[in-house]
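Structure file work-v6.cif (mmCIF, C-alpha atoms (C1' of nucleotides)) is printed below.
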data_model
loop_
_atom_site.group_PDB
_atom_site.id
_atom_site.type_symbol
_atom_site.label_atom_id
_atom_site.label_comp_id
_atom_site.auth_asym_id
_atom_site.auth_seq_id
_atom_site.Cartn_x
_atom_site.Cartn_y
_atom_site.Cartn_z
ATOM 1 C CA MET A 5 3.109 -5.915 -17.734
ATOM 2 C CA PRO A 6 3.022 -2.405 -19.287
ATOM 3 C CA GLN A 7 2.904 -2.477 -23.050
ATOM 4 C CA ASN A 8 6.280 -0.813 -23.516
ATOM 5 C CA ALA A 9 8.130 -2.920 -20.987
ATOM 6 C CA HIS A 10 10.948 -5.087 -22.273
ATOM 7 C CA SER A 11 13.134 -7.751 -20.791
ATOM 8 C CA PRO A 12 16.904 -7.907 -21.020
ATOM 9 C CA LEU A 13 18.101 -9.664 -24.180
ATOM 10 C CA SER A 14 21.467 -11.225 -24.938
ATOM 11 C CA LEU A 15 22.025 -11.430 -28.676
ATOM 12 C CA ALA A 16 24.965 -13.178 -30.319
ATOM 13 C CA THR A 17 26.120 -13.488 -33.904
ATOM 14 C CA TRP A 18 28.511 -16.128 -35.143
ATOM 15 C CA ASN A 19 29.673 -17.226 -38.564
ATOM 16 C CA VAL A 20 29.864 -20.943 -37.773
ATOM 17 C CA ASN A 21 31.361 -22.075 -41.120
ATOM 18 C CA SER A 22 29.203 -25.218 -41.473
ATOM 19 C CA ILE A 23 26.602 -26.067 -38.838
ATOM 20 C CA ARG A 24 26.967 -29.796 -39.483
ATOM 21 C CA ALA A 25 30.728 -29.756 -38.891
ATOM 22 C CA ARG A 26 30.331 -27.453 -35.846
ATOM 23 C CA ILE A 27 27.096 -28.591 -34.192
ATOM 24 C CA ASP A 28 28.643 -29.991 -30.998
ATOM 25 C CA ARG A 29 30.724 -26.868 -30.496
ATOM 26 C CA VAL A 30 27.787 -24.571 -31.204
ATOM 27 C CA VAL A 31 25.461 -26.372 -28.782
ATOM 28 C CA ASP A 32 28.155 -26.393 -26.091
ATOM 29 C CA TRP A 33 28.785 -22.705 -26.636
ATOM 30 C CA ILE A 34 25.097 -21.750 -26.394
ATOM 31 C CA GLU A 35 24.719 -23.642 -23.134
ATOM 32 C CA ARG A 36 27.894 -22.119 -21.705
ATOM 33 C CA SER A 37 27.223 -18.558 -22.839
ATOM 34 C CA ASP A 38 23.525 -18.640 -21.956
ATOM 35 C CA VAL A 39 22.501 -16.290 -24.805
ATOM 36 C CA ASP A 40 18.843 -15.699 -25.612
ATOM 37 C CA VAL A 41 19.324 -15.458 -29.357
ATOM 38 C CA LEU A 42 22.090 -16.692 -31.661
ATOM 39 C CA ALA A 43 22.236 -15.539 -35.275
ATOM 40 C CA MET A 44 24.357 -17.866 -37.391
ATOM 41 C CA GLN A 45 25.926 -17.448 -40.807
ATOM 42 C CA GLU A 46 27.517 -19.863 -43.273
ATOM 43 C CA THR A 47 25.548 -22.866 -42.132
ATOM 44 C CA LYS A 48 26.478 -24.381 -45.505
ATOM 45 C CA CYS A 49 23.478 -26.660 -45.839
ATOM 46 C CA LYS A 50 19.941 -26.971 -47.128
ATOM 47 C CA ASP A 51 17.007 -26.630 -44.724
ATOM 48 C CA SER A 52 16.513 -30.413 -44.940
ATOM 49 C CA GLN A 53 20.053 -30.978 -43.631
ATOM 50 C CA PHE A 54 19.921 -28.569 -40.677
ATOM 51 C CA PRO A 55 20.161 -30.204 -37.202
ATOM 52 C CA PHE A 56 17.048 -28.515 -35.749
ATOM 53 C CA GLU A 57 16.576 -31.185 -33.065
ATOM 54 C CA ARG A 58 19.915 -30.409 -31.429
ATOM 55 C CA PHE A 59 18.720 -26.871 -30.713
ATOM 56 C CA GLU A 60 15.224 -27.926 -29.690
ATOM 57 C CA LYS A 61 16.713 -30.327 -27.167
ATOM 58 C CA ILE A 62 18.333 -27.389 -25.320
ATOM 59 C CA GLY A 63 15.246 -25.190 -25.510
ATOM 60 C CA TYR A 64 15.822 -23.098 -28.641
ATOM 61 C CA GLU A 65 13.610 -22.716 -31.680
ATOM 62 C CA VAL A 66 15.426 -22.294 -34.993
ATOM 63 C CA ALA A 67 14.594 -20.694 -38.327
ATOM 64 C CA HIS A 68 16.993 -21.560 -41.163
ATOM 65 C CA PHE A 69 17.397 -20.399 -44.752
ATOM 66 C CA GLY A 70 19.688 -22.611 -46.814
ATOM 67 C CA LEU A 71 19.490 -23.451 -50.507
ATOM 68 C CA ASN A 72 22.670 -25.510 -51.071
ATOM 69 C CA GLN A 73 26.194 -25.897 -49.687
ATOM 70 C CA TRP A 74 26.901 -22.165 -50.020
ATOM 71 C CA ASN A 75 25.985 -19.410 -47.539
ATOM 72 C CA GLY A 76 23.024 -20.333 -45.300
ATOM 73 C CA VAL A 77 21.756 -18.263 -42.331
ATOM 74 C CA ALA A 78 19.808 -19.130 -39.200
ATOM 75 C CA ILE A 79 18.424 -17.737 -35.958
ATOM 76 C CA ALA A 80 18.127 -19.767 -32.749
ATOM 77 C CA SER A 81 16.001 -18.250 -29.983
ATOM 78 C CA ARG A 82 14.642 -19.141 -26.565
ATOM 79 C CA VAL A 83 12.603 -15.909 -26.328
ATOM 80 C CA GLY A 84 10.254 -16.465 -29.267
ATOM 81 C CA LEU A 85 10.744 -16.690 -33.010
ATOM 82 C CA ASP A 86 7.887 -14.975 -34.774
ATOM 83 C CA ASP A 87 7.144 -13.617 -38.235
ATOM 84 C CA VAL A 88 10.139 -15.222 -39.979
ATOM 85 C CA GLU A 89 11.288 -13.540 -43.200
ATOM 86 C CA ARG A 90 13.723 -15.030 -45.686
ATOM 87 C CA ALA A 91 15.643 -12.314 -47.603
ATOM 88 C CA PHE A 92 14.927 -8.632 -46.955
ATOM 89 C CA PRO A 93 12.702 -6.651 -49.344
ATOM 90 C CA GLY A 94 14.775 -5.631 -52.364
ATOM 91 C CA MET A 95 17.648 -7.989 -51.582
ATOM 92 C CA PRO A 96 19.473 -8.611 -54.863
ATOM 93 C CA GLY A 97 20.617 -11.974 -56.150
ATOM 94 C CA PHE A 98 23.863 -12.569 -57.998
ATOM 95 C CA ALA A 99 23.938 -12.391 -61.783
ATOM 96 C CA LYS A 100 26.976 -13.802 -63.597
ATOM 97 C CA ASP A 101 26.589 -11.093 -66.217
ATOM 98 C CA PRO A 102 24.295 -8.067 -66.384
ATOM 99 C CA GLU A 103 21.895 -9.799 -68.790
ATOM 100 C CA ALA A 104 21.679 -13.043 -66.823
ATOM 101 C CA GLU A 105 18.907 -13.662 -64.337
ATOM 102 C CA GLN A 106 19.844 -13.070 -60.691
ATOM 103 C CA ALA A 107 20.299 -16.251 -58.677
ATOM 104 C CA GLN A 108 18.830 -16.074 -55.191
ATOM 105 C CA GLU A 109 21.342 -16.606 -52.368
ATOM 106 C CA ALA A 110 20.618 -17.571 -48.735
ATOM 107 C CA ARG A 111 22.191 -14.539 -47.044
ATOM 108 C CA ALA A 112 19.476 -13.033 -44.833
ATOM 109 C CA ILE A 113 16.865 -14.377 -42.448
ATOM 110 C CA SER A 114 14.904 -12.562 -39.789
ATOM 111 C CA ALA A 115 12.487 -13.153 -36.950
ATOM 112 C CA VAL A 116 11.006 -11.242 -34.032
ATOM 113 C CA CYS A 117 12.701 -12.507 -30.869
ATOM 114 C CA GLY A 118 11.950 -10.997 -27.465
ATOM 115 C CA GLY A 119 10.334 -7.955 -29.066
ATOM 116 C CA VAL A 120 13.249 -7.273 -31.438
ATOM 117 C CA ARG A 121 13.322 -7.891 -35.185
ATOM 118 C CA VAL A 122 16.632 -9.688 -35.588
ATOM 119 C CA TRP A 123 18.338 -10.113 -38.978
ATOM 120 C CA SER A 124 21.076 -12.704 -39.416
ATOM 121 C CA LEU A 125 23.155 -11.430 -42.328
ATOM 122 C CA TYR A 126 25.907 -12.872 -44.452
ATOM 123 C CA VAL A 127 27.093 -9.990 -46.623
ATOM 124 C CA PRO A 128 28.641 -11.085 -49.947
ATOM 125 C CA ASN A 129 32.423 -11.404 -49.731
ATOM 126 C CA GLY A 130 33.209 -9.431 -52.889
ATOM 127 C CA ARG A 131 36.207 -11.629 -53.779
ATOM 128 C CA GLU A 132 38.307 -9.132 -55.799
ATOM 129 C CA LEU A 133 37.833 -5.451 -56.611
ATOM 130 C CA THR A 134 37.609 -6.431 -60.302
ATOM 131 C CA ASP A 135 35.184 -9.319 -59.736
ATOM 132 C CA ARG A 136 31.475 -9.040 -60.454
ATOM 133 C CA HIS A 137 30.928 -10.103 -56.851
ATOM 134 C CA TYR A 138 32.310 -6.732 -55.752
ATOM 135 C CA PRO A 139 29.577 -4.493 -57.239
ATOM 136 C CA TYR A 140 27.119 -7.161 -56.095
ATOM 137 C CA LYS A 141 28.353 -6.699 -52.525
ATOM 138 C CA LEU A 142 27.992 -2.902 -52.729
ATOM 139 C CA GLU A 143 24.498 -3.171 -54.197
ATOM 140 C CA TRP A 144 23.505 -5.714 -51.541
ATOM 141 C CA LEU A 145 24.648 -3.386 -48.733
ATOM 142 C CA ASP A 146 22.907 -0.403 -50.320
ATOM 143 C CA ARG A 147 19.620 -2.287 -50.603
ATOM 144 C CA LEU A 148 19.910 -3.386 -46.975
ATOM 145 C CA ARG A 149 20.537 0.201 -45.918
ATOM 146 C CA SER A 150 17.511 1.279 -47.918
ATOM 147 C CA TYR A 151 15.347 -1.344 -46.179
ATOM 148 C CA ALA A 152 16.645 -0.303 -42.747
ATOM 149 C CA GLN A 153 16.116 3.372 -43.461
ATOM 150 C CA LYS A 154 12.485 2.751 -44.417
ATOM 151 C CA GLN A 155 11.865 0.768 -41.226
ATOM 152 C CA LEU A 156 13.095 3.719 -39.181
ATOM 153 C CA ALA A 157 11.161 6.261 -41.245
ATOM 154 C CA ASP A 158 7.947 4.268 -40.726
ATOM 155 C CA ASP A 159 8.524 3.879 -36.975
ATOM 156 C CA ALA A 160 11.112 5.952 -35.120
ATOM 157 C CA GLY A 161 10.819 3.524 -32.188
ATOM 158 C CA VAL A 162 11.430 0.363 -34.251
ATOM 159 C CA ARG A 163 13.494 -2.288 -32.472
ATOM 160 C CA LEU A 164 15.682 -3.695 -35.244
ATOM 161 C CA ALA A 165 19.031 -5.492 -35.022
ATOM 162 C CA MET A 166 21.110 -6.335 -38.114
ATOM 163 C CA VAL A 167 23.830 -8.702 -37.000
ATOM 164 C CA GLY A 168 26.227 -10.948 -38.830
ATOM 165 C CA ASP A 169 29.288 -11.222 -41.008
ATOM 166 C CA TRP A 170 29.443 -7.858 -42.773
ATOM 167 C CA ASN A 171 32.636 -8.686 -44.668
ATOM 168 C CA VAL A 172 33.781 -5.076 -44.252
ATOM 169 C CA ALA A 173 36.600 -3.786 -42.038
ATOM 170 C CA PRO A 174 35.377 -0.212 -41.430
ATOM 171 C CA LEU A 175 38.597 1.172 -39.891
ATOM 172 C CA ASP A 176 42.263 0.691 -40.694
ATOM 173 C CA GLU A 177 42.735 -0.765 -37.198
ATOM 174 C CA ASP A 178 40.229 -3.504 -38.071
ATOM 175 C CA VAL A 179 42.915 -5.373 -40.040
ATOM 176 C CA TRP A 180 46.355 -6.309 -38.805
ATOM 177 C CA ASP A 181 48.234 -4.632 -41.645
ATOM 178 C CA MET A 182 46.742 -2.121 -44.086
ATOM 179 C CA GLU A 183 49.647 -2.636 -46.481
ATOM 180 C CA PHE A 184 48.675 -6.289 -46.823
ATOM 181 C CA PHE A 185 45.136 -5.237 -47.779
ATOM 182 C CA GLU A 186 46.189 -2.659 -50.353
ATOM 183 C CA GLY A 187 44.041 -3.273 -53.422
ATOM 184 C CA LYS A 188 41.946 -5.937 -51.681
ATOM 185 C CA THR A 189 38.284 -6.073 -50.721
ATOM 186 C CA HIS A 190 36.898 -5.443 -47.199
ATOM 187 C CA VAL A 191 38.874 -2.195 -46.755
ATOM 188 C CA SER A 192 38.049 -0.266 -49.939
ATOM 189 C CA ALA A 193 36.465 3.179 -49.665
ATOM 190 C CA PRO A 194 33.169 2.178 -51.351
ATOM 191 C CA GLU A 195 32.732 -0.758 -48.942
ATOM 192 C CA ARG A 196 33.447 1.443 -45.941
ATOM 193 C CA GLU A 197 31.050 4.096 -47.250
ATOM 194 C CA ALA A 198 28.359 1.432 -47.682
ATOM 195 C CA PHE A 199 28.884 0.370 -44.067
ATOM 196 C CA ASP A 200 29.051 3.917 -42.687
ATOM 197 C CA ALA A 201 25.770 4.723 -44.479
ATOM 198 C CA PHE A 202 23.910 2.789 -41.766
ATOM 199 C CA GLU A 203 25.159 5.187 -39.090
ATOM 200 C CA ALA A 204 24.288 8.121 -41.331
ATOM 201 C CA ALA A 205 20.758 6.660 -41.497
ATOM 202 C CA GLY A 206 20.531 6.690 -37.677
ATOM 203 C CA TYR A 207 21.649 3.167 -36.848
ATOM 204 C CA LYS A 208 24.466 2.369 -34.441
ATOM 205 C CA GLU A 209 27.116 -0.330 -34.388
ATOM 206 C CA ILE A 210 27.146 -1.537 -30.793
ATOM 207 C CA THR A 211 30.114 -3.849 -30.345
ATOM 208 C CA ARG A 212 33.065 -1.558 -31.063
ATOM 209 C CA GLY A 213 32.371 0.836 -28.199
ATOM 210 C CA PHE A 214 32.538 -2.005 -25.676
ATOM 211 C CA THR A 215 35.494 -3.786 -27.317
ATOM 212 C CA PRO A 216 37.803 -1.044 -28.547
ATOM 213 C CA GLY A 217 40.810 -1.788 -30.737
ATOM 214 C CA PRO A 218 43.414 -1.785 -32.056
ATOM 215 C CA GLY A 219 44.166 -5.467 -32.353
ATOM 216 C CA VAL A 220 40.595 -6.572 -31.617
ATOM 217 C CA TYR A 221 39.272 -8.934 -34.262
ATOM 218 C CA THR A 222 36.382 -11.309 -34.930
ATOM 219 C CA TYR A 223 37.872 -13.387 -37.776
ATOM 220 C CA TRP A 224 41.214 -15.021 -38.397
ATOM 221 C CA ASP A 225 41.996 -16.835 -41.667
ATOM 222 C CA TYR A 226 42.713 -20.525 -41.239
ATOM 223 C CA THR A 227 45.852 -20.204 -43.383
ATOM 224 C CA GLN A 228 49.265 -18.774 -42.551
ATOM 225 C CA LEU A 229 48.902 -19.203 -38.775
ATOM 226 C CA ARG A 230 46.819 -16.044 -38.677
ATOM 227 C CA PHE A 231 45.253 -16.782 -35.277
ATOM 228 C CA PRO A 232 48.395 -17.497 -33.226
ATOM 229 C CA LYS A 233 50.070 -14.558 -34.969
ATOM 230 C CA LYS A 234 47.125 -12.359 -33.911
ATOM 231 C CA GLN A 235 46.535 -11.356 -37.534
ATOM 232 C CA GLY A 236 42.773 -11.010 -37.792
ATOM 233 C CA MET A 237 39.998 -8.790 -39.051
ATOM 234 C CA ARG A 238 37.036 -7.156 -37.341
ATOM 235 C CA ILE A 239 34.203 -7.849 -39.772
ATOM 236 C CA ASP A 240 31.331 -9.174 -37.594
ATOM 237 C CA PHE A 241 29.052 -6.479 -36.201
ATOM 238 C CA GLN A 242 25.734 -5.683 -34.580
ATOM 239 C CA VAL A 243 24.070 -2.658 -36.161
ATOM 240 C CA VAL A 244 20.878 -1.641 -34.345
ATOM 241 C CA SER A 245 18.125 0.987 -34.400
ATOM 242 C CA PRO A 246 18.194 3.948 -31.941
ATOM 243 C CA ALA A 247 15.499 2.485 -29.647
ATOM 244 C CA LEU A 248 17.609 -0.630 -29.219
ATOM 245 C CA ALA A 249 20.976 1.129 -29.109
ATOM 246 C CA GLU A 250 19.992 2.997 -25.959
ATOM 247 C CA ARG A 251 19.473 -0.349 -24.212
ATOM 248 C CA ALA A 252 22.964 -1.699 -25.013
ATOM 249 C CA ALA A 253 24.750 -2.539 -21.764
ATOM 250 C CA GLY A 254 27.788 -4.519 -22.899
ATOM 251 C CA ALA A 255 29.444 -6.483 -25.669
ATOM 252 C CA GLU A 256 32.043 -9.194 -25.946
ATOM 253 C CA ILE A 257 34.015 -11.064 -28.583
ATOM 254 C CA ASP A 258 34.540 -14.649 -27.463
ATOM 255 C CA ARG A 259 38.049 -15.020 -28.866
ATOM 256 C CA ASP A 260 38.618 -18.247 -26.913
ATOM 257 C CA GLU A 261 36.089 -19.959 -29.182
ATOM 258 C CA ARG A 262 38.522 -19.554 -32.116
ATOM 259 C CA LYS A 263 41.050 -21.779 -30.298
ATOM 260 C CA GLY A 264 41.655 -25.480 -30.665
ATOM 261 C CA ASN A 265 40.736 -28.107 -33.195
ATOM 262 C CA GLY A 266 37.385 -27.817 -34.913
ATOM 263 C CA ALA A 267 36.966 -24.059 -34.409
ATOM 264 C CA SER A 268 35.179 -21.803 -36.859
ATOM 265 C CA ASP A 269 37.367 -19.109 -38.388
ATOM 266 C CA HIS A 270 35.054 -16.529 -36.746
ATOM 267 C CA ALA A 271 34.463 -15.850 -33.033
ATOM 268 C CA PRO A 272 30.997 -15.263 -31.543
ATOM 269 C CA VAL A 273 30.126 -11.588 -30.955
ATOM 270 C CA ILE A 274 27.665 -10.965 -28.117
ATOM 271 C CA VAL A 275 25.689 -7.892 -27.040
ATOM 272 C CA ARG A 276 23.648 -7.555 -23.869
ATOM 273 C CA PHE A 277 20.619 -5.264 -24.080
ATOM 274 C CA GLU A 278 18.882 -4.078 -20.891
ATOM 275 C "C1'" DA B 20 49.245 -24.749 -30.590
ATOM 276 C "C1'" DT B 21 49.299 -23.964 -34.857
ATOM 277 C "C1'" DG B 22 51.836 -23.597 -42.296
ATOM 278 C "C1'" DT B 23 43.444 -24.178 -43.570
ATOM 279 C "C1'" DC B 24 38.958 -25.878 -43.743
ATOM 280 C "C1'" DG B 25 34.418 -27.059 -45.468
ATOM 281 C "C1'" DT B 26 31.396 -28.581 -49.302
ATOM 282 C "C1'" DG B 27 29.928 -31.978 -53.217
ATOM 283 C "C1'" DG B 28 31.045 -35.234 -56.781
ATOM 284 C "C1'" DA B 29 33.224 -38.905 -58.188
ATOM 285 C "C1'" DC B 30 36.796 -41.315 -55.435
ATOM 286 C "C1'" DG B 31 40.759 -42.620 -52.400
ATOM 287 C "C1'" DC B 32 41.550 -36.799 -55.303
ATOM 288 C "C1'" DC B 33 39.772 -32.566 -57.300
ATOM 289 C "C1'" DA B 34 37.250 -28.073 -57.853
ATOM 290 C "C1'" DC B 35 35.415 -24.436 -55.532
ATOM 291 C "C1'" DG B 36 34.648 -20.720 -51.982
ATOM 292 C "C1'" DA B 37 36.452 -18.240 -48.121
#
Will you turn the file into structure tokens for me?
Amino acid sequence: MPQNAHSPLSLATWNVNSIRARIDRVVDWIERSDVDVLAMQETKCKDSQFPFERFEKIGYEVAHFGLNQWNGVAIASRVGLDDVERAFPGMPGFAKDPEAEQAQEARAISAVCGGVRVWSLYVPNGRELTDRHYPYKLEWLDRLRSYAQKQLADDAGVRLAMVGDWNVAPLDEDVWDMEFFEGKTHVSAPEREAFDAFEAAGYKEITRGFTPGPGVYTYWDYTQLRFPKKQGMRIDFQVVSPALAERAAGAEIDRDERKGNGASDHAPVIVRFE
DNA sequence: ATGTCGTGGACGCCACGA
């Protein structure tokens, strides 16, 4: 096989909102959807609690990064899982006050799968515009952008995919009602600028072009009947380097997976690379 | 179809995060 040859790769990202509560659904979904790689967020468990064997049984290796019941990220792959990294270089932790030491959080894990460095990312929520978690979120995104920019500067042909729950709605049409989000996180100008900075650095968000809005979402709050009312948010994305972007052949949001009892509040988001 | 869901810790509920 020539050195530069690559195989097709189907890559999914899904905030599963507890892997232990969702394991049957996740395994069923992987088998049904036949993806090569699944990046998961909010596994909500320690490494010692992660159900690795359920994935191994269906032919997937898993790398997990979980410290406690909060956050937690993982990558399942049937096309290799090499050179695992937990947290990206420069990734900040959260400090309760500026003088306090930063506490590490399990929000990023990466591995090389099928020739692509895949990052599974759970961007900090931000909570409120006045909360200390809000500047933390902006700093976290800026550091990630800085990491990504360096990867591209070092190798213009780098195959890098940053997928996950970005907790940013980049366009007004990515929420069901901008008036409702007035003064809230996820739609503020600094968050949108932090997200757009990846495209300015040469990266491309792949899913939107194949799944245009308005009214196309990846997350629906459990409360207030948001899902049946079609009141969601588009906050899960796949942001990839130029060499990978040119291979993108399709994308899909599996909205059906949000239905029924025992669903995560997020839908899986899949991209097919040629 | 459906007025939320998941975690841990001390219980049969509460606090917390989303």
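Applied to the file shown here, the PyMOL selection byres ((chain A and resi 166) around 10) selects the residues A:Thr17, A:Ala43, A:Ala112, A:Ser114, A:Arg121, A:Val122, A:Trp123, A:Ser124, A:Leu125, A:Leu148, A:Ala152, A:Leu164, A:Ala165, A:Val167, A:Gly168, A:Asp169, A:Trp170, A:Tyr207, A:Glu209, A:Phe241, A:Gln242, A:Val243, A:Val244, A:Ser245.
The smallest atom-to-atom distance between Ile274 in chain A and any of A:Arg262, A:His137, A:Arg111, A:Arg212, using all atoms listed in the file, is found for A:Arg212.
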- Query: Residues picked by the PyMOL selection byres ((chain A) within 6 of (chain B)) here, as a list in words?
  - Reply: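 When the PyMOL selection byres ((chain A) within 6 of (chain B)) is applied to the shown file, the picked residues are Gln73, Tyr226, Thr227 and Gln228 of chain A.
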- Query: So what do you get for CA of Ser192 in chain A versus CA of Lys141 in chain A, distance-wise?
  - Reply: 11.9 Å
- Task: Report the distance between CA of Glu261 in chain A and CA of Glu195 in chain A in Å, rounded to one decimal place.
- Result: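 If I compute the distance from CA of Glu261 in chain A to CA of Glu195 in chain A, I get 27.8 Å.
In this model, the gap between CA of Pro93 in chain A and CA of Ser52 in chain A comes to 24.5 Å.
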Rebuild range 74-82 of chain A to all heavy atoms - output it as an mmCIF file, in the frame of the given file, please.
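Below you can see out.cif, which holds the result:
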data_model
loop_
_atom_site.group_PDB
_atom_site.id
_atom_site.type_symbol
_atom_site.label_atom_id
_atom_site.label_comp_id
_atom_site.auth_asym_id
_atom_site.auth_seq_id
_atom_site.Cartn_x
_atom_site.Cartn_y
_atom_site.Cartn_z
ATOM 1 N N TRP A 74 26.309 -23.497 -50.171
ATOM 2 C CA TRP A 74 26.901 -22.165 -50.020
ATOM 3 C C TRP A 74 26.028 -21.298 -49.112
ATOM 4 O O TRP A 74 24.801 -21.437 -49.095
ATOM 5 C CB TRP A 74 27.031 -21.469 -51.381
ATOM 6 C CG TRP A 74 27.714 -22.296 -52.407
ATOM 7 C CD1 TRP A 74 27.209 -22.686 -53.614
ATOM 8 C CD2 TRP A 74 29.033 -22.852 -52.343
ATOM 9 N NE1 TRP A 74 28.127 -23.441 -54.292
ATOM 10 C CE2 TRP A 74 29.256 -23.567 -53.540
ATOM 11 C CE3 TRP A 74 30.060 -22.825 -51.395
ATOM 12 C CZ2 TRP A 74 30.455 -24.249 -53.805
ATOM 13 C CZ3 TRP A 74 31.252 -23.494 -51.646
ATOM 14 C CH2 TRP A 74 31.433 -24.183 -52.841
ATOM 15 N N ASN A 75 26.691 -20.390 -48.382
ATOM 16 C CA ASN A 75 25.985 -19.410 -47.539
ATOM 17 C C ASN A 75 25.118 -20.127 -46.490
ATOM 18 O O ASN A 75 25.582 -21.060 -45.875
ATOM 19 C CB ASN A 75 25.157 -18.457 -48.409
ATOM 20 C CG ASN A 75 25.920 -17.990 -49.634
ATOM 21 O OD1 ASN A 75 27.000 -17.455 -49.497
ATOM 22 N ND2 ASN A 75 25.374 -18.202 -50.824
ATOM 23 N N GLY A 76 23.900 -19.725 -46.315
ATOM 24 C CA GLY A 76 23.024 -20.333 -45.300
ATOM 25 C C GLY A 76 23.052 -19.509 -44.023
ATOM 26 O O GLY A 76 24.125 -19.229 -43.476
ATOM 27 N N VAL A 77 21.864 -19.089 -43.537
ATOM 28 C CA VAL A 77 21.756 -18.263 -42.331
ATOM 29 C C VAL A 77 20.635 -18.804 -41.448
ATOM 30 O O VAL A 77 19.687 -19.402 -41.943
ATOM 31 C CB VAL A 77 21.491 -16.779 -42.699
ATOM 32 C CG1 VAL A 77 22.767 -16.096 -43.164
ATOM 33 C CG2 VAL A 77 20.404 -16.651 -43.780
ATOM 34 N N ALA A 78 20.783 -18.578 -40.144
ATOM 35 C CA ALA A 78 19.808 -19.130 -39.200
ATOM 36 C C ALA A 78 19.711 -18.233 -37.974
ATOM 37 O O ALA A 78 20.608 -17.426 -37.700
ATOM 38 C CB ALA A 78 20.201 -20.541 -38.781
ATOM 39 N N ILE A 79 18.601 -18.391 -37.252
ATOM 40 C CA ILE A 79 18.424 -17.737 -35.958
ATOM 41 C C ILE A 79 17.902 -18.773 -34.973
ATOM 42 O O ILE A 79 16.903 -19.440 -35.251
ATOM 43 C CB ILE A 79 17.424 -16.558 -36.041
ATOM 44 C CG1 ILE A 79 17.924 -15.500 -37.024
ATOM 45 C CG2 ILE A 79 17.216 -15.936 -34.655
ATOM 46 C CD1 ILE A 79 16.906 -14.389 -37.277
ATOM 47 N N ALA A 80 18.591 -18.916 -33.843
ATOM 48 C CA ALA A 80 18.127 -19.767 -32.749
ATOM 49 C C ALA A 80 17.698 -18.851 -31.607
ATOM 50 O O ALA A 80 18.414 -17.901 -31.271
ATOM 51 C CB ALA A 80 19.231 -20.707 -32.281
ATOM 52 N N SER A 81 16.529 -19.138 -31.023
ATOM 53 C CA SER A 81 16.001 -18.250 -29.983
ATOM 54 C C SER A 81 15.262 -19.031 -28.905
ATOM 55 O O SER A 81 14.533 -19.977 -29.199
ATOM 56 C CB SER A 81 15.036 -17.228 -30.613
ATOM 57 O OG SER A 81 14.375 -16.491 -29.599
ATOM 58 N N ARG A 82 15.436 -18.586 -27.671
ATOM 59 C CA ARG A 82 14.642 -19.141 -26.565
ATOM 60 C C ARG A 82 13.658 -18.105 -26.028
ATOM 61 O O ARG A 82 13.052 -18.316 -24.989
ATOM 62 C CB ARG A 82 15.560 -19.632 -25.446
ATOM 63 C CG ARG A 82 16.330 -18.535 -24.755
ATOM 64 C CD ARG A 82 17.152 -19.072 -23.588
ATOM 65 N NE ARG A 82 17.866 -17.992 -22.931
ATOM 66 C CZ ARG A 82 18.831 -18.166 -22.034
ATOM 67 N NH1 ARG A 82 19.211 -19.392 -21.697
ATOM 68 N NH2 ARG A 82 19.428 -17.142 -21.479
#
